[in-house]
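**Q** Here it is: the structure, laid out below.
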Amino acid sequence: MEHVTFLKRLLVRRNQPRRSHARPGIWPLLTAVAVFFGGTFVTSANAQTTEMLFSSLGRSIQGFDAGEVLLSEFNCVACHQAGTATQQRLASKQAPRLGANGLRLTPQYLRAYLTNPHGEGPGRTMPDLLHGMAAAEKSETVEALVHFLASLMSAETNDAIGADQFKIQQGRLLFHRVGCVACHAPHETVATIAAKPGSTEGGALSNSNEGLTDFKLNSIPLVNLARKTTVAELAKFLLDPLKARPSGRMPSLNLTESEATAIAMYLLREQALGISNPSLPREKLKGLRYEYFEEAFNEGAPDFASFTPKATGVIERFTLAPLKRNERAGLRFTGFVTVPADGDYTFYTASDDGSRLYLGDQLVVNNDGLHAMDEQTGIIRLKAGDHPITVTWFNGDAQLDLRVSWKGPGLNKQEIPASVLTHIGQPMVPLGEEKFTVDAAKANRGRELFGRLGCAACHEVSGEKISSALATKNFSELTPAQGDGCLGENVRAGVPQYFLTRPEREALRATLTAREKLAQPLAPKEQVTRTLAVMNCFACHARDGLGGPMPGRVDHFSIVGEADLGEEGRLPPHLTRVGDKLRPEWLREVLLNKGAARPYMATRMPQFGEANVGHLPAAFAQADSAGQADTPLEYSARDVKQGRKLVGTGGMACISCHVFAGHKSLGIPALDMATMTKRLKRDWFRRYLIDPASLRPGTRMPTFWPEGKSARPEILEGNSAKQID
C-alpha cells in the first residue's frame, strides 16, 4: 500500500508550479486508480508509467474509462451540446449554484479566485476563462463579475458569531472523526489529538506531525477558507451541501446545527486567532454565553464561582440543550437582555431543581434548592436598553426542567426570546474583510459578461435566466486530434484553460475518438463502479479488492464510547456483492434516508442525494445477484418461540453480543438483531450463519453450524435450515 501515495502524486503532478495539485473533481478517480494499481506497478516516476495508468484504466477496471470520467467531471457537455443518451450516461458534475441557493462568498475571495482560479484554489475543475487578456481588461472584467455575483446574494446579513474556544475544540474532534478526513487532509495525527485533547491549535499542515504534508497532495483541498466566507454561511452549507452543490461530491454528513457550527468554527479558526487577546475589539453578539458544570449539587444555593466548567459556549436562549448528563449537572448563563421600554418588569424562573436570576448584581428571582418543578417570580423597575443578566440552574437527580420568562409594558408573559439576548465577544469575520457596496452599472456589465464568457453554461443562477453566448462545437463534431481547443497544449485566449496534463489530454482524446459508446447506457456493474469512484465511496468502503481507508487516514476511523468491536466496529463495511446481501429497500434507506445500523461507529454514512445515488440499490441488485427477488419467509408461532430460544442464553446465546430490539446485549453492543430481517436477504443470512468468515473475512462472528451441522441438536431436531429460518 505504500505505492498508493506515490501513484496518486504521480497521476496529478504538473510540470509548472501553478499545476502542482490535483483537481478535487477528479480525486475520486485518482483514488480508485491508485488503490487498484498500488500492488501492480513499479514505483518509477516517469511519464510513460503515468500514460500507462490512464490508458489501462478501461481495460483493467470494468466501467472505469478515465477519459469518460474526465468528461463528466469537467462537465464538457455543458458547452458542447450532446444527445440525451450521452448526457444521461455521463451524469456530469454540475457547477455550484449561484444566488439565493448558493454559498455567500466574500468579494475579496471572488476577486482573487476569478483572477487566478488555479492559484487561489489549486486543482479546481473551474477553468480559467480570462487567460490571455491584457491586465487592465482582465481587472475590469473581474471587478464587473464580482459586482454581479455579489448582487445575486441575499441582502440579508447574518450577525457575526463570537469566537468560542470550546466550540472550536468540538469542531476539531468532529472534523477528524465523523468522516471529513476520508476526503480532506487531516490537520493533525490521531496521536497529536490524543496527546492534546483540549487544544484548539492545529493550523496549517506542518512537518511537526509526521506524514501530514503528504496528505495535502492526496486530498481534496480546503484553501483560504478564512478569507472565503463566514462561520454562519459555512455552517449553513455543511448542513445541506446539496443545496449549493447538487452533484453530491460534497455530501451531507447528517450534522446537527450545533455540530455544523462547531466544524465551521474550527475550519475558520484563523478568524479567531485573537480570541485570548483582550486588547482586540469586542462587539455585541447574539446569544448568551453558558458554562456547563458537573458537580454533586446536593444542597441549595451552590456557589458557581467556585466551580470549574466542563464546557463553555454560546447559545441562543435559556435552554438545557448544553447538558451532557442529566444528574449532578448545572448551567450558568450570562449576557444582556434588551428591555424595550421603561417600566416594571416581572421575571419568572420555573425549574427542577434550583435556579436564580440576577439583573446586574441584584438577585431578582430566587428559586434555588432541591425541589420538584416550581415557579418563582420577582419584580424590578428597568430603563429601556441593555441590562446584564445572569441565570443559574442545577439538578441533583431525577426530573429536570428550566423555563425563564418575563412580563412588562406591552408584553404578555412569555419565555424571554432569543431576539433580546446578547453577549460581548470577539466576532469571527473573514480575513481581509472589506466594506463592499454593489455598483449597479458594474453588476449589469458583469451580468452581460457572465453570459458572453460562457459562465452561464455551467452555473445555475437563482432567479436569473442567462444564456451562454460562448461559441462551441456540438459534441459530435469535436475533433480531438486538433490542438487548438480545450485539449491543446497551448490554449488560445477565449477558450477555457483547464491546465490538462498530457495523460489527461490523451485519455480525453481516446474517449472522444470512440464516443459512439457514450450513447449506450452503462451496464449495472459498470454503473456501480463509476458511481462509487466519482462519489469517492472507495475512500471508506472496499469492493472487489478496490478501495478502503488509506494508511494514515484509517487511524481516524473510531468507535463511539468504549465498545471493543475491533476493526468491524470502526471501519465501514466492505461492499463486495452487497447487492446479494442487503435488501434494496434497506440500501435505499441507507443511501437516501439516513438509515444506520451501527450506532457505535463514529464515521457517518454520507447522504449524496437521490439524483446522484438513487439508482444504486437497483444497480447493486442487478450487478451482484442478477436482480433476484428475496424469498419471503413463512413462519408460525412455534417458529417464533423456538427462534426466541435460539437467540437467548438457552440456545446460541446471540444476545451475549448483539443488541435485541433496543435491549442491551450482555457484552459488546454488536448490531441489533431485530433489524436483520429488514436489512438482510434471507439466502445471504443463511450462508452467513453457516460460514461467517467466508462472507466477512476477519469477523468476530463465530459459526454455530460448523460444516452446516447445528451446535444445538435438541432444538428443532437439530435441523440447521429450520433453526436459521
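Residue numbers start at 1 in each chain; chains themselves are named A, B, ... in the order of the C-alpha cells; ligands are numbered from 1 in the order shown.
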Determine, counting only C-alpha atoms, which protein, DNA and RNA residues have an atom within 12 Å of an atom of segment 527-530 of chain A; residues of the same chain fewer than 3 positions away are not included. Present the result as number ranges by chain.
**A** A: 28-29, 32-33, 57-58, 61-66, 68-70, 72-73, 88-92, 520-524, 533-538, 541-544, 546-547, 575-579, 612-624
**Q** Taking the chain letters and numbering used in this document, name the residues of segment 203-426 of chain A that DSSP puts in helix (DSSP H, G or I), as a PyMOL selection string.
**A** chain A and resi 212-217+225-228+231-239+241-244+257-267+269-272+304-306+418-420
**Q** What lies within 10 Å of segment 629-631 of chain A using only C-alpha atoms, ignoring chain neighbours under 5 positions off, as a PyMOL selection string?
**A** chain A and resi 580-584+621+680-684
**Q** Give me, as a CSV table (one decimal) with C-alpha atoms, in the first residue's frame, all polymer residues having an atom no more than 12 Å from Lys465 of chain A, counting only C-alpha atoms and skipping those fewer than 3 positions away in the same chain.
**A**
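Saved file around02.csv follows:
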```csv
chain,number,residue,atom,x,y,z
A,98,LEU,CA,-25.2,30.9,-7.5
A,99,GLY,CA,-27.5,33.3,-5.9
A,447,ARG,CA,-24.2,40.0,-16.0
A,448,GLU,CA,-23.5,40.5,-19.7
A,450,PHE,CA,-21.4,36.1,-17.4
A,451,GLY,CA,-23.3,35.1,-20.5
A,456,ALA,CA,-23.8,30.5,-17.6
A,457,ALA,CA,-23.3,27.2,-19.4
A,459,HIS,CA,-23.6,27.7,-13.3
A,460,GLU,CA,-27.3,27.8,-12.4
A,461,VAL,CA,-28.3,31.3,-11.2
A,462,SER,CA,-31.3,31.6,-8.8
A,468,SER,CA,-24.3,31.2,-22.6
```
**Q** Interatomic distance between atom CA of Lys228 of chain A and atom CA of Leu103 of chain A?
**A**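 Taking atom CA of Lys228 of chain A and atom CA of Leu103 of chain A, their separation equals 9.9 Å.
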**Q** Do you know which residues are at most 7 Å from Thr229 of chain A counting only C-alpha atoms, after dropping those on the same chain fewer than 5 positions away, and could you put them as a ChimeraX atom specification?
**A** /A:104-106,234,430
**Q** Kindly export the residues of the current selection with N, CA, C and O atoms, as a PDB file, in the first residue's frame.
**A**
```
ATOM      1  N   ARG A 104     -22.662  32.191   0.232  1.00  0.00           N
ATOM      2  CA  ARG A 104     -22.252  33.593   0.179  1.00  0.00           C
ATOM      3  C   ARG A 104     -20.735  33.661   0.323  1.00  0.00           C
ATOM      4  O   ARG A 104     -20.172  33.221   1.327  1.00  0.00           O
ATOM      5  N   LEU A 105     -20.072  34.202  -0.684  1.00  0.00           N
ATOM      6  CA  LEU A 105     -18.614  34.317  -0.678  1.00  0.00           C
ATOM      7  C   LEU A 105     -18.219  35.786  -0.561  1.00  0.00           C
ATOM      8  O   LEU A 105     -18.928  36.675  -1.027  1.00  0.00           O
ATOM      9  N   THR A 106     -17.072  36.023   0.035  1.00  0.00           N
ATOM     10  CA  THR A 106     -16.620  37.396   0.220  1.00  0.00           C
ATOM     11  C   THR A 106     -16.122  37.970  -1.104  1.00  0.00           C
ATOM     12  O   THR A 106     -15.607  37.239  -1.962  1.00  0.00           O
ATOM     13  N   LEU A 234     -20.781  28.989   6.280  1.00  0.00           N
ATOM     14  CA  LEU A 234     -20.180  27.668   6.142  1.00  0.00           C
ATOM     15  C   LEU A 234     -20.992  26.626   6.896  1.00  0.00           C
ATOM     16  O   LEU A 234     -21.186  25.505   6.409  1.00  0.00           O
ATOM     17  N   PRO A 430     -14.360  37.239   8.124  1.00  0.00           N
ATOM     18  CA  PRO A 430     -13.379  36.805   7.123  1.00  0.00           C
ATOM     19  C   PRO A 430     -12.124  37.672   7.140  1.00  0.00           C
ATOM     20  O   PRO A 430     -12.183  38.888   7.327  1.00  0.00           O
TER      21      PRO A 430
END
```
**Q** Find the spatial neighbours of segment 80-84 of chain A, counting only C-alpha atoms, within a cut-off of 6 Å - ignore same-chain residues fewer than 2 positions away - and output them as a list in words.
**A**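 Using only C-alpha atoms, the neighbours found are Val77, Ala78, Thr86, Gln87, Lys473, Asn474 and Phe475 of chain A.
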**Q** Write the residues of the preceding selection, restricted to N, CA, C and O atoms, as a compact mmCIF listing (two decimals), in the first residue's frame.
**A**
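The resulting file, result_34.txt, is reproduced below:
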```
# COMPACT_ATOMS: atom_id res chain seq x y z
N VAL A 77 -20.14 18.59 -21.65
CA VAL A 77 -21.36 18.71 -22.44
C VAL A 77 -22.20 19.92 -22.03
O VAL A 77 -23.25 20.18 -22.62
N ALA A 78 -21.75 20.67 -21.04
CA ALA A 78 -22.43 21.92 -20.72
C ALA A 78 -22.24 22.93 -21.84
O ALA A 78 -23.13 23.73 -22.14
N THR A 86 -26.17 10.38 -24.23
CA THR A 86 -24.80 10.69 -23.79
C THR A 86 -24.82 11.47 -22.50
O THR A 86 -24.04 11.20 -21.58
N GLN A 87 -25.72 12.44 -22.40
CA GLN A 87 -25.81 13.23 -21.17
C GLN A 87 -26.19 12.35 -19.98
O GLN A 87 -25.64 12.50 -18.89
N LYS A 473 -18.52 23.96 -30.53
CA LYS A 473 -18.97 22.92 -31.44
C LYS A 473 -19.90 21.95 -30.73
O LYS A 473 -19.84 21.79 -29.51
N ASN A 474 -20.74 21.29 -31.51
CA ASN A 474 -21.54 20.20 -30.99
C ASN A 474 -20.60 19.07 -30.56
O ASN A 474 -19.53 18.88 -31.13
N PHE A 475 -21.01 18.32 -29.53
CA PHE A 475 -20.18 17.24 -29.01
C PHE A 475 -19.79 16.24 -30.11
O PHE A 475 -18.66 15.75 -30.15
```
**Q** Write out as a ChimeraX atom specification all residues of segment 312-428 of chain A that DSSP puts in strand (DSSP E) for this structure's backbone.
**A** /A:312-315,329-339,343-352,355-359,362-367,374-382,385-395,401-408,411-415,421-425,427-428
**Q** Restricted to C-alpha atoms, what would the selected residues look like written as an mmCIF file, in the first residue's frame?
**A**
```
data_model
loop_
_atom_site.group_PDB
_atom_site.id
_atom_site.type_symbol
_atom_site.label_atom_id
_atom_site.label_comp_id
_atom_site.auth_asym_id
_atom_site.auth_seq_id
_atom_site.Cartn_x
_atom_site.Cartn_y
_atom_site.Cartn_z
ATOM 1 C CA THR A 312 -18.429 26.693 27.660
ATOM 2 C CA GLY A 313 -20.131 28.109 24.627
ATOM 3 C CA VAL A 314 -22.760 30.401 23.178
ATOM 4 C CA ILE A 315 -26.447 29.543 22.912
ATOM 5 C CA ALA A 329 -25.226 18.959 36.425
ATOM 6 C CA GLY A 330 -25.529 22.731 36.321
ATOM 7 C CA LEU A 331 -25.501 25.728 33.969
ATOM 8 C CA ARG A 332 -24.723 29.415 34.297
ATOM 9 C CA PHE A 333 -25.906 31.796 31.553
ATOM 10 C CA THR A 334 -24.526 35.336 31.229
ATOM 11 C CA GLY A 335 -25.200 38.154 28.784
ATOM 12 C CA PHE A 336 -27.539 41.103 28.275
ATOM 13 C CA VAL A 337 -31.291 41.419 27.951
ATOM 14 C CA THR A 338 -32.620 44.324 25.876
ATOM 15 C CA VAL A 339 -35.575 45.986 27.593
ATOM 16 C CA GLY A 343 -41.332 50.324 33.389
ATOM 17 C CA ASP A 344 -41.868 47.498 35.872
ATOM 18 C CA TYR A 345 -40.885 44.019 34.667
ATOM 19 C CA THR A 346 -41.756 40.673 36.216
ATOM 20 C CA PHE A 347 -39.234 37.878 35.726
ATOM 21 C CA TYR A 348 -40.021 34.185 36.252
ATOM 22 C CA THR A 349 -37.933 31.041 36.565
ATOM 23 C CA ALA A 350 -39.718 27.686 36.534
ATOM 24 C CA SER A 351 -37.223 24.953 37.325
ATOM 25 C CA ASP A 352 -36.489 21.486 38.664
ATOM 26 C CA SER A 355 -32.499 28.359 39.697
ATOM 27 C CA ARG A 356 -31.673 32.023 40.283
ATOM 28 C CA LEU A 357 -31.958 35.135 38.087
ATOM 29 C CA TYR A 358 -29.829 38.262 38.528
ATOM 30 C CA LEU A 359 -30.022 41.614 36.761
ATOM 31 C CA GLN A 362 -29.344 42.233 42.078
ATOM 32 C CA LEU A 363 -30.971 38.866 42.789
ATOM 33 C CA VAL A 364 -34.439 39.229 41.223
ATOM 34 C CA VAL A 365 -35.736 35.624 41.314
ATOM 35 C CA ASN A 366 -34.671 33.084 43.929
ATOM 36 C CA ASN A 367 -35.949 29.612 43.045
ATOM 37 C CA ASP A 374 -41.739 25.110 40.771
ATOM 38 C CA GLU A 375 -42.040 28.709 39.552
ATOM 39 C CA GLN A 376 -40.899 31.814 41.434
ATOM 40 C CA THR A 377 -41.095 35.483 40.392
ATOM 41 C CA GLY A 378 -39.512 38.868 41.035
ATOM 42 C CA ILE A 379 -40.373 42.445 40.015
ATOM 43 C CA ILE A 380 -37.876 45.160 39.101
ATOM 44 C CA ARG A 381 -38.142 48.651 37.548
ATOM 45 C CA LEU A 382 -35.925 48.984 34.459
ATOM 46 C CA GLY A 385 -31.862 49.388 26.894
ATOM 47 C CA ASP A 386 -29.409 46.610 27.697
ATOM 48 C CA HIS A 387 -29.125 45.144 31.183
ATOM 49 C CA PRO A 388 -26.664 42.455 32.349
ATOM 50 C CA ILE A 389 -28.481 39.193 33.107
ATOM 51 C CA THR A 390 -27.274 36.011 34.808
ATOM 52 C CA VAL A 391 -29.282 32.821 35.294
ATOM 53 C CA THR A 392 -28.005 29.801 37.225
ATOM 54 C CA TRP A 393 -29.621 26.346 37.262
ATOM 55 C CA PHE A 394 -28.718 22.939 38.673
ATOM 56 C CA ASN A 395 -30.188 19.459 39.017
ATOM 57 C CA ASP A 401 -36.507 21.459 33.566
ATOM 58 C CA LEU A 402 -35.908 25.183 33.154
ATOM 59 C CA ARG A 403 -38.044 27.991 31.728
ATOM 60 C CA VAL A 404 -37.130 31.681 32.008
ATOM 61 C CA SER A 405 -39.938 34.156 31.264
ATOM 62 C CA TRP A 406 -40.824 37.839 31.625
ATOM 63 C CA LYS A 407 -43.747 40.267 31.518
ATOM 64 C CA GLY A 408 -43.702 44.040 31.195
ATOM 65 C CA LEU A 411 -45.502 42.337 26.906
ATOM 66 C CA ASN A 412 -47.687 39.445 27.979
ATOM 67 C CA LYS A 413 -45.987 36.698 29.966
ATOM 68 C CA GLN A 414 -43.685 34.747 27.626
ATOM 69 C CA GLU A 415 -40.337 32.977 27.591
ATOM 70 C CA LEU A 421 -30.452 38.271 24.328
ATOM 71 C CA THR A 422 -26.848 39.233 23.546
ATOM 72 C CA HIS A 423 -23.307 38.938 24.876
ATOM 73 C CA ILE A 424 -19.955 40.638 24.316
ATOM 74 C CA GLY A 425 -17.348 38.680 22.352
ATOM 75 C CA PRO A 427 -16.605 38.360 16.231
ATOM 76 C CA MET A 428 -15.287 35.868 13.700
#
```
**Q** Which value, in Å to one decimal, gives the distance between atom CA of Leu487 of chain A and atom CA of Thr472 of chain A?
**A** 13.5 Å
